[in-house]
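Data block for my_file.csv (CSV, C-alpha atoms):
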chain,number,residue,atom,x,y,z
U,1,MET,CA,-16.1,-44.8,-4.0
U,2,GLY,CA,-16.3,-48.0,-6.0
U,3,ARG,CA,-15.5,-50.5,-3.3
U,4,LEU,CA,-18.3,-52.8,-4.6
U,5,ASP,CA,-18.1,-52.1,-8.3
U,6,ASN,CA,-19.8,-54.7,-10.4
U,7,LYS,CA,-21.0,-56.7,-7.4
U,8,VAL,CA,-24.5,-58.0,-6.9
U,9,ALA,CA,-25.8,-57.8,-3.3
U,10,LEU,CA,-28.9,-59.1,-1.4
U,11,ILE,CA,-29.8,-57.6,1.9
U,12,THR,CA,-32.7,-59.1,3.8
U,13,GLY,CA,-34.8,-56.9,6.2
U,14,GLY,CA,-33.8,-54.0,4.0
U,15,ALA,CA,-37.0,-51.9,4.0
U,16,ARG,CA,-35.8,-49.7,6.9
U,17,GLY,CA,-33.2,-49.2,9.6
U,18,GLN,CA,-29.9,-51.0,9.4
U,19,GLY,CA,-30.7,-52.9,6.2
U,20,ALA,CA,-31.7,-49.7,4.4
U,21,ALA,CA,-28.5,-47.9,5.6
U,22,GLU,CA,-26.4,-50.8,4.3
U,23,ALA,CA,-28.3,-50.7,0.9
U,24,GLU,CA,-27.5,-47.0,0.6
U,25,LEU,CA,-23.8,-47.5,1.3
U,26,PHE,CA,-23.6,-50.5,-1.1
U,27,ALA,CA,-25.3,-48.6,-3.9
U,28,THR,CA,-23.0,-45.6,-3.3
U,29,GLU,CA,-20.0,-48.0,-3.6
U,30,GLY,CA,-21.1,-49.3,-7.0
U,31,ALA,CA,-23.1,-52.5,-6.2
U,32,THR,CA,-26.4,-53.6,-7.7
U,33,VAL,CA,-28.5,-54.1,-4.6
U,34,TYR,CA,-31.7,-56.1,-3.9
U,35,ILE,CA,-33.4,-55.3,-0.6
U,36,THR,CA,-36.0,-57.7,0.6
U,37,ASP,CA,-38.7,-57.6,3.4
U,38,VAL,CA,-42.3,-58.2,4.2
U,39,LEU,CA,-42.9,-54.5,4.7
U,40,ASP,CA,-43.8,-54.0,1.0
U,41,ASP,CA,-44.9,-50.3,1.1
U,42,ILE,CA,-41.9,-49.2,3.1
U,43,GLY,CA,-39.5,-51.4,1.1
U,44,THR,CA,-40.8,-50.0,-2.2
U,45,ALA,CA,-40.5,-46.5,-1.0
U,46,THR,CA,-37.0,-47.1,0.3
U,47,ALA,CA,-35.8,-48.5,-3.0
U,48,GLU,CA,-37.3,-45.6,-4.9
U,49,GLN,CA,-35.6,-43.2,-2.6
U,50,LEU,CA,-32.2,-44.9,-3.0
U,51,GLY,CA,-32.2,-44.9,-6.8
U,52,ASP,CA,-32.0,-47.2,-9.8
U,53,ALA,CA,-29.2,-49.4,-8.3
U,54,VAL,CA,-31.7,-50.6,-5.6
U,55,THR,CA,-34.6,-53.0,-6.2
U,56,TYR,CA,-37.2,-54.1,-3.6
U,57,LEU,CA,-38.5,-57.7,-3.5
U,58,HIS,CA,-41.1,-59.2,-1.2
U,59,HIS,CA,-39.4,-61.9,0.8
U,60,ASP,CA,-40.4,-63.9,3.9
U,61,VAL,CA,-37.1,-65.2,5.2
U,62,THR,CA,-38.8,-68.2,6.9
U,63,SER,CA,-40.0,-69.5,3.5
U,64,GLU,CA,-37.9,-71.9,1.4
U,65,GLY,CA,-40.0,-71.0,-1.6
U,66,ASP,CA,-39.3,-67.2,-1.2
U,67,TRP,CA,-35.6,-67.8,-0.8
U,68,ALA,CA,-35.5,-70.0,-3.9
U,69,GLY,CA,-37.5,-67.4,-5.9
U,70,VAL,CA,-35.4,-64.4,-4.8
U,71,VAL,CA,-32.0,-66.0,-5.2
U,72,GLY,CA,-33.0,-67.8,-8.4
U,73,GLY,CA,-34.3,-64.5,-9.9
U,74,ILE,CA,-31.1,-62.7,-9.1
U,75,ILE,CA,-29.0,-65.5,-10.6
U,76,GLU,CA,-31.2,-65.5,-13.7
U,77,GLU,CA,-30.8,-61.8,-14.2
U,78,HIS,CA,-27.1,-61.4,-13.3
U,79,GLY,CA,-25.6,-64.9,-13.4
U,80,ARG,CA,-24.3,-64.6,-9.9
U,81,ILE,CA,-24.8,-63.2,-6.4
U,82,ASP,CA,-21.7,-61.8,-4.7
U,83,ILE,CA,-22.9,-60.6,-1.3
U,84,LEU,CA,-25.6,-61.7,1.1
U,85,VAL,CA,-26.4,-59.7,4.2
U,86,ASN,CA,-28.6,-61.8,6.5
U,87,ASN,CA,-30.0,-58.7,8.3
U,88,ALA,CA,-33.7,-59.6,8.8
U,89,GLY,CA,-34.6,-60.1,12.5
U,90,ILE,CA,-37.0,-59.4,15.3
U,91,PHE,CA,-36.6,-58.5,18.9
U,92,GLU,CA,-39.6,-59.2,21.2
U,93,PRO,CA,-38.3,-59.3,24.8
U,94,LYS,CA,-40.3,-61.3,27.4
U,95,PRO,CA,-39.5,-63.0,30.6
U,96,ILE,CA,-39.5,-66.8,30.5
U,97,ALA,CA,-42.9,-67.1,32.2
U,98,ASP,CA,-44.5,-65.0,29.5
U,99,THR,CA,-42.8,-66.6,26.5
U,100,SER,CA,-45.2,-68.9,24.7
U,101,LEU,CA,-44.0,-71.6,22.4
U,102,ASP,CA,-45.4,-69.5,19.5
U,103,ASP,CA,-43.3,-66.6,20.7
U,104,TRP,CA,-40.2,-68.8,20.8
U,105,ASN,CA,-40.8,-70.4,17.4
U,106,ARG,CA,-41.5,-67.0,15.7
U,107,THR,CA,-38.2,-65.6,16.9
U,108,ILE,CA,-36.2,-68.7,16.0
U,109,LEU,CA,-37.8,-69.0,12.6
U,110,ILE,CA,-37.0,-65.5,11.6
U,111,ASN,CA,-33.7,-64.9,13.3
U,112,GLN,CA,-32.1,-68.3,13.0
U,113,THR,CA,-33.9,-70.4,10.4
U,114,GLY,CA,-34.0,-67.4,8.0
U,115,VAL,CA,-30.2,-67.2,8.3
U,116,PHE,CA,-29.8,-70.9,7.6
U,117,LEU,CA,-31.9,-70.7,4.5
U,118,GLY,CA,-29.9,-67.8,3.3
U,119,LEU,CA,-26.6,-69.6,3.9
U,120,ARG,CA,-28.0,-72.6,2.0
U,121,GLU,CA,-29.6,-70.9,-1.0
U,122,ALA,CA,-27.2,-68.1,-1.6
U,123,GLY,CA,-24.1,-69.8,-0.2
U,124,LEU,CA,-24.3,-72.8,-2.5
U,125,LYS,CA,-24.7,-70.5,-5.5
U,126,MET,CA,-21.6,-68.6,-4.4
U,127,ARG,CA,-19.7,-71.8,-4.0
U,128,ASP,CA,-20.6,-72.8,-7.5
U,129,HIS,CA,-19.3,-69.4,-8.7
U,130,GLY,CA,-16.1,-69.7,-6.6
U,131,SER,CA,-16.5,-66.5,-4.6
U,132,GLY,CA,-18.8,-64.5,-2.4
U,133,SER,CA,-19.2,-62.8,1.0
U,134,ILE,CA,-22.0,-63.6,3.5
U,135,ILE,CA,-22.5,-61.3,6.5
U,136,ASN,CA,-24.8,-62.6,9.2
U,137,ILE,CA,-26.1,-59.9,11.5
U,138,SER,CA,-26.0,-61.3,15.0
U,139,SER,CA,-25.9,-59.1,18.1
U,140,ILE,CA,-24.0,-58.5,21.3
U,141,ALA,CA,-26.8,-60.8,22.6
U,142,GLY,CA,-24.9,-63.5,20.8
U,143,LEU,CA,-21.9,-62.9,23.0
U,144,GLY,CA,-23.5,-63.0,26.4
U,145,GLY,CA,-26.7,-63.5,28.3
U,146,VAL,CA,-29.7,-61.2,27.9
U,147,SER,CA,-32.2,-61.2,30.7
U,148,MET,CA,-35.8,-61.3,29.6
U,149,ALA,CA,-35.0,-62.0,25.9
U,150,HIS,CA,-34.3,-65.7,25.9
U,151,ALA,CA,-35.5,-66.6,22.4
U,152,TYR,CA,-33.6,-63.6,21.0
U,153,ALA,CA,-30.4,-64.5,22.7
U,154,ALA,CA,-30.7,-68.1,21.7
U,155,SER,CA,-31.2,-67.1,18.1
U,156,LYS,CA,-28.3,-64.7,18.0
U,157,TRP,CA,-25.9,-67.3,19.6
U,158,ALA,CA,-27.1,-69.7,16.9
U,159,VAL,CA,-26.2,-67.2,14.2
U,160,ARG,CA,-22.7,-66.9,15.6
U,161,GLY,CA,-22.3,-70.7,15.5
U,162,MET,CA,-23.7,-71.1,12.1
U,163,THR,CA,-21.4,-68.4,10.8
U,164,LYS,CA,-18.4,-70.3,12.0
U,165,SER,CA,-19.6,-73.7,10.7
U,166,ALA,CA,-20.5,-72.3,7.2
U,167,ALA,CA,-17.2,-70.4,7.1
U,168,LEU,CA,-15.3,-73.7,7.5
U,169,GLU,CA,-17.5,-75.5,4.9
U,170,PHE,CA,-17.2,-72.8,2.3
U,171,ALA,CA,-13.6,-71.5,2.8
U,172,ALA,CA,-12.0,-73.7,0.2
U,173,ASP,CA,-14.6,-72.6,-2.4
U,174,GLY,CA,-13.7,-68.9,-2.0
U,175,VAL,CA,-16.8,-67.9,0.0
U,176,ARG,CA,-16.3,-65.9,3.2
U,177,VAL,CA,-18.8,-65.9,6.1
U,178,ASN,CA,-18.6,-63.5,9.0
U,179,SER,CA,-20.9,-62.3,11.7
U,180,VAL,CA,-21.5,-58.7,12.9
U,181,HIS,CA,-22.6,-58.1,16.5
U,182,PRO,CA,-24.1,-54.6,16.9
U,183,GLY,CA,-24.8,-53.1,20.3
U,184,ILE,CA,-27.5,-50.5,20.8
U,185,ILE,CA,-28.3,-49.0,17.4
U,186,ASP,CA,-30.6,-46.0,16.7
U,187,THR,CA,-33.2,-47.9,14.6
U,188,ASP,CA,-36.9,-48.5,14.7
U,189,MET,CA,-36.3,-51.7,16.6
U,190,PHE,CA,-34.6,-49.8,19.5
U,191,LYS,CA,-37.3,-47.2,19.5
U,192,GLU,CA,-40.2,-49.7,19.4
U,193,PHE,CA,-38.6,-51.6,22.4
U,194,GLY,CA,-39.3,-48.5,24.5
U,195,GLY,CA,-36.8,-49.3,27.2
U,196,ASN,CA,-35.1,-47.0,29.7
U,197,THR,CA,-33.0,-45.1,27.2
U,198,GLU,CA,-31.0,-43.2,29.7
U,199,ARG,CA,-30.1,-46.3,31.6
U,200,VAL,CA,-29.0,-48.1,28.4
U,201,ILE,CA,-26.9,-45.2,27.3
U,202,ALA,CA,-25.3,-44.9,30.7
U,203,ALA,CA,-24.0,-48.5,30.3
U,204,ILE,CA,-22.2,-47.8,27.0
U,205,PRO,CA,-18.6,-46.6,27.6
U,206,MET,CA,-18.8,-44.3,24.6
U,207,GLY,CA,-21.9,-42.7,26.1
U,208,ARG,CA,-24.2,-42.9,23.1
U,209,VAL,CA,-26.0,-45.3,20.8
U,210,ALA,CA,-24.7,-46.0,17.3
U,211,SER,CA,-26.2,-44.9,14.0
U,212,ALA,CA,-27.2,-47.5,11.5
U,213,GLN,CA,-24.6,-46.1,9.1
U,214,GLU,CA,-21.8,-47.0,11.7
U,215,VAL,CA,-22.8,-50.6,11.6
U,216,GLY,CA,-23.2,-50.4,7.8
U,217,MET,CA,-19.6,-49.3,7.4
U,218,LEU,CA,-18.4,-52.4,9.0
U,219,VAL,CA,-20.7,-54.5,6.9
U,220,LEU,CA,-19.4,-52.7,3.8
U,221,PHE,CA,-15.9,-53.6,4.7
U,222,LEU,CA,-16.7,-57.3,5.1
U,223,ALA,CA,-18.6,-57.3,1.8
U,224,SER,CA,-15.7,-55.7,0.0
U,225,ASP,CA,-12.5,-57.3,-1.2
U,226,GLU,CA,-10.7,-55.4,1.5
U,227,ALA,CA,-11.8,-58.2,3.9
U,228,SER,CA,-10.5,-61.0,1.5
U,229,TYR,CA,-8.7,-62.9,4.4
U,230,CYS,CA,-11.5,-62.6,7.0
U,231,THR,CA,-13.8,-65.5,7.5
U,232,GLY,CA,-15.4,-67.3,10.4
U,233,GLN,CA,-15.0,-64.3,12.6
U,234,GLU,CA,-17.2,-62.1,14.8
U,235,PHE,CA,-17.0,-58.3,14.5
U,236,VAL,CA,-18.4,-56.3,17.3
U,237,VAL,CA,-19.6,-52.7,17.0
U,238,ASP,CA,-21.0,-51.7,20.4
U,239,GLY,CA,-19.2,-48.6,21.7
U,240,GLY,CA,-17.3,-50.7,24.2
U,241,PHE,CA,-20.3,-52.3,25.8
U,242,LYS,CA,-18.8,-55.8,25.8
U,243,ALA,CA,-15.2,-54.6,26.4

Can you turn what I pasted into structure tokens?
Amino acid sequence: MGRLDNKVALITGGARGQGAAEAELFATEGATVYITDVLDDIGTATAEQLGDAVTYLHHDVTSEGDWAGVVGGIIEEHGRIDILVNNAGIFEPKPIADTSLDDWNRTILINQTGVFLGLREAGLKMRDHGSGSIINISSIAGLGGVSMAHAYAASKWAVRGMTKSAALEFAADGVRVNSVHPGIIDTDMFKEFGGNTERVIAAIPMGRVASAQEVGMLVLFLASDEASYCTGQEFVVDGGFKA
């Protein structure tokens, strides 16, 4: 208990799934948590369920104005932002022949540009403050190829590269930047995909999918001062899938 005492955290895509699990862990460990999303009804209900330490804000991560408003509001209220989890993302698999330019741009905007905007808006405020931790949620799709999910794979490789670049830029200013690469996680995204669950599980050496909380525990570590010498690195949580 208390691993994030007195810290202020922003988690994008926090209305449900992995982001909501991270918010619950952060609040339990003493943080003041802001979850953001475009799923307003679900996000509001999640914040109410998690208690007074968690606040929901509407936030389109592809919007510069939304990023400036969310980060600026947090800074105005608390004077700083200590943790950013760039968690918001979409997974819309299609073969190349069926991927329109609109499909491509939508995935890149949310999964890649959204992370860039977070790095810029929150990262610069952290730099001015002299400390902070940014955790970018990539995927095992950012470590290898993914058939029939080209835009998704491209975006997650980009997140991996941006993490390393930002880590180098911010290191001297006390801001750490790391990426987390989940495998198959039991969230709405996995369920909505509707793939061959038995085939997917059979390919995982540990023989099961992970819970959102298992990913959240790794994110919690990176957010905390326990990870004070970790930056520019990729942390994989995939049950051995990429071993």

My list of candidates is U:Asp98, U:Asp186, U:Asp173, U:Asp103. Which is closest to U:Lys125 when distances are computed with only C-alpha atoms?
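Of U:Asp98, U:Asp186, U:Asp173, U:Asp103, the one nearest U:Lys125, counting only C-alpha atoms, is U:Asp173.
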
* **Point-to-point distance in Å for atom CA of U:Ser179 and atom CA of U:Val38** =>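 Pair atom CA of U:Val38 / atom CA of U:Ser179 returns 23.0 Å.
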
Excluding stretch 49-58 of chain U and any residue of its chain fewer than 5 positions from it, enumerate the residues within 6 Å of it, using all atoms listed in the file, and give them as a ChimeraX atom specification.
/U:27,32-38,43-44

| query | Taking only C-alpha atoms into account, which of U:Ser63, U:Asn136, U:Ser228, U:Gln112 comes nearest U:Val180? | reply |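 Looking only at the distances to U:Val180, the closest residue turns out to be U:Asn136.
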
For a test of reading the model, state the distance in Å between atom CA of U:Glu214 and atom CA of U:Ala23, rounded to one decimal.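 These two atoms are separated by 13.1 Å.
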
Atom CA of U:Ile83 to atom CA of U:Leu25 measures 13.4 Å

Judged by all atoms listed in the file, the minimum distance to U:Cys230 among U:Ser138, U:Ser133, U:Gln213, U:Thr46 is found for U:Ser133

**Request:** Would you list the contacts of stretch 160-164 of chain U as a list in words, taking every protein, DNA or RNA residue within 10 Å and counting only C-alpha atoms, but skipping same-chain residues closer than 4 positions in sequence?
**Result:**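 The residues that qualify are Gln112, Val115, Phe116, Leu119, Ile134, Ile135, Asn136, Ile137, Ser138, Ser139, Gly142, Leu143, Ser155, Lys156, Leu168, Glu169, Arg176, Val177, Asn178, Ser179, Val180, His181, Thr231, Gly232, Gln233 and Glu234 of chain U.
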
For the selection you just gave me, I'd like the residues written to a file as an mmCIF file, in the frame of the given file, keeping C-alpha atoms.
data_model
loop_
_atom_site.group_PDB
_atom_site.id
_atom_site.type_symbol
_atom_site.label_atom_id
_atom_site.label_comp_id
_atom_site.auth_asym_id
_atom_site.auth_seq_id
_atom_site.Cartn_x
_atom_site.Cartn_y
_atom_site.Cartn_z
ATOM 1 C CA GLN U 112 -32.100 -68.300 13.000
ATOM 2 C CA VAL U 115 -30.200 -67.200 8.300
ATOM 3 C CA PHE U 116 -29.800 -70.900 7.600
ATOM 4 C CA LEU U 119 -26.600 -69.600 3.900
ATOM 5 C CA ILE U 134 -22.000 -63.600 3.500
ATOM 6 C CA ILE U 135 -22.500 -61.300 6.500
ATOM 7 C CA ASN U 136 -24.800 -62.600 9.200
ATOM 8 C CA ILE U 137 -26.100 -59.900 11.500
ATOM 9 C CA SER U 138 -26.000 -61.300 15.000
ATOM 10 C CA SER U 139 -25.900 -59.100 18.100
ATOM 11 C CA GLY U 142 -24.900 -63.500 20.800
ATOM 12 C CA LEU U 143 -21.900 -62.900 23.000
ATOM 13 C CA SER U 155 -31.200 -67.100 18.100
ATOM 14 C CA LYS U 156 -28.300 -64.700 18.000
ATOM 15 C CA LEU U 168 -15.300 -73.700 7.500
ATOM 16 C CA GLU U 169 -17.500 -75.500 4.900
ATOM 17 C CA ARG U 176 -16.300 -65.900 3.200
ATOM 18 C CA VAL U 177 -18.800 -65.900 6.100
ATOM 19 C CA ASN U 178 -18.600 -63.500 9.000
ATOM 20 C CA SER U 179 -20.900 -62.300 11.700
ATOM 21 C CA VAL U 180 -21.500 -58.700 12.900
ATOM 22 C CA HIS U 181 -22.600 -58.100 16.500
ATOM 23 C CA THR U 231 -13.800 -65.500 7.500
ATOM 24 C CA GLY U 232 -15.400 -67.300 10.400
ATOM 25 C CA GLN U 233 -15.000 -64.300 12.600
ATOM 26 C CA GLU U 234 -17.200 -62.100 14.800
#

Using only C-alpha atoms, pick whichever of U:Leu220, U:Ala153, U:Val200, U:Leu124 has the shortest atom-to-atom distance to U:Gly174.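 Under the stated criterion, the closest residue is U:Leu124.
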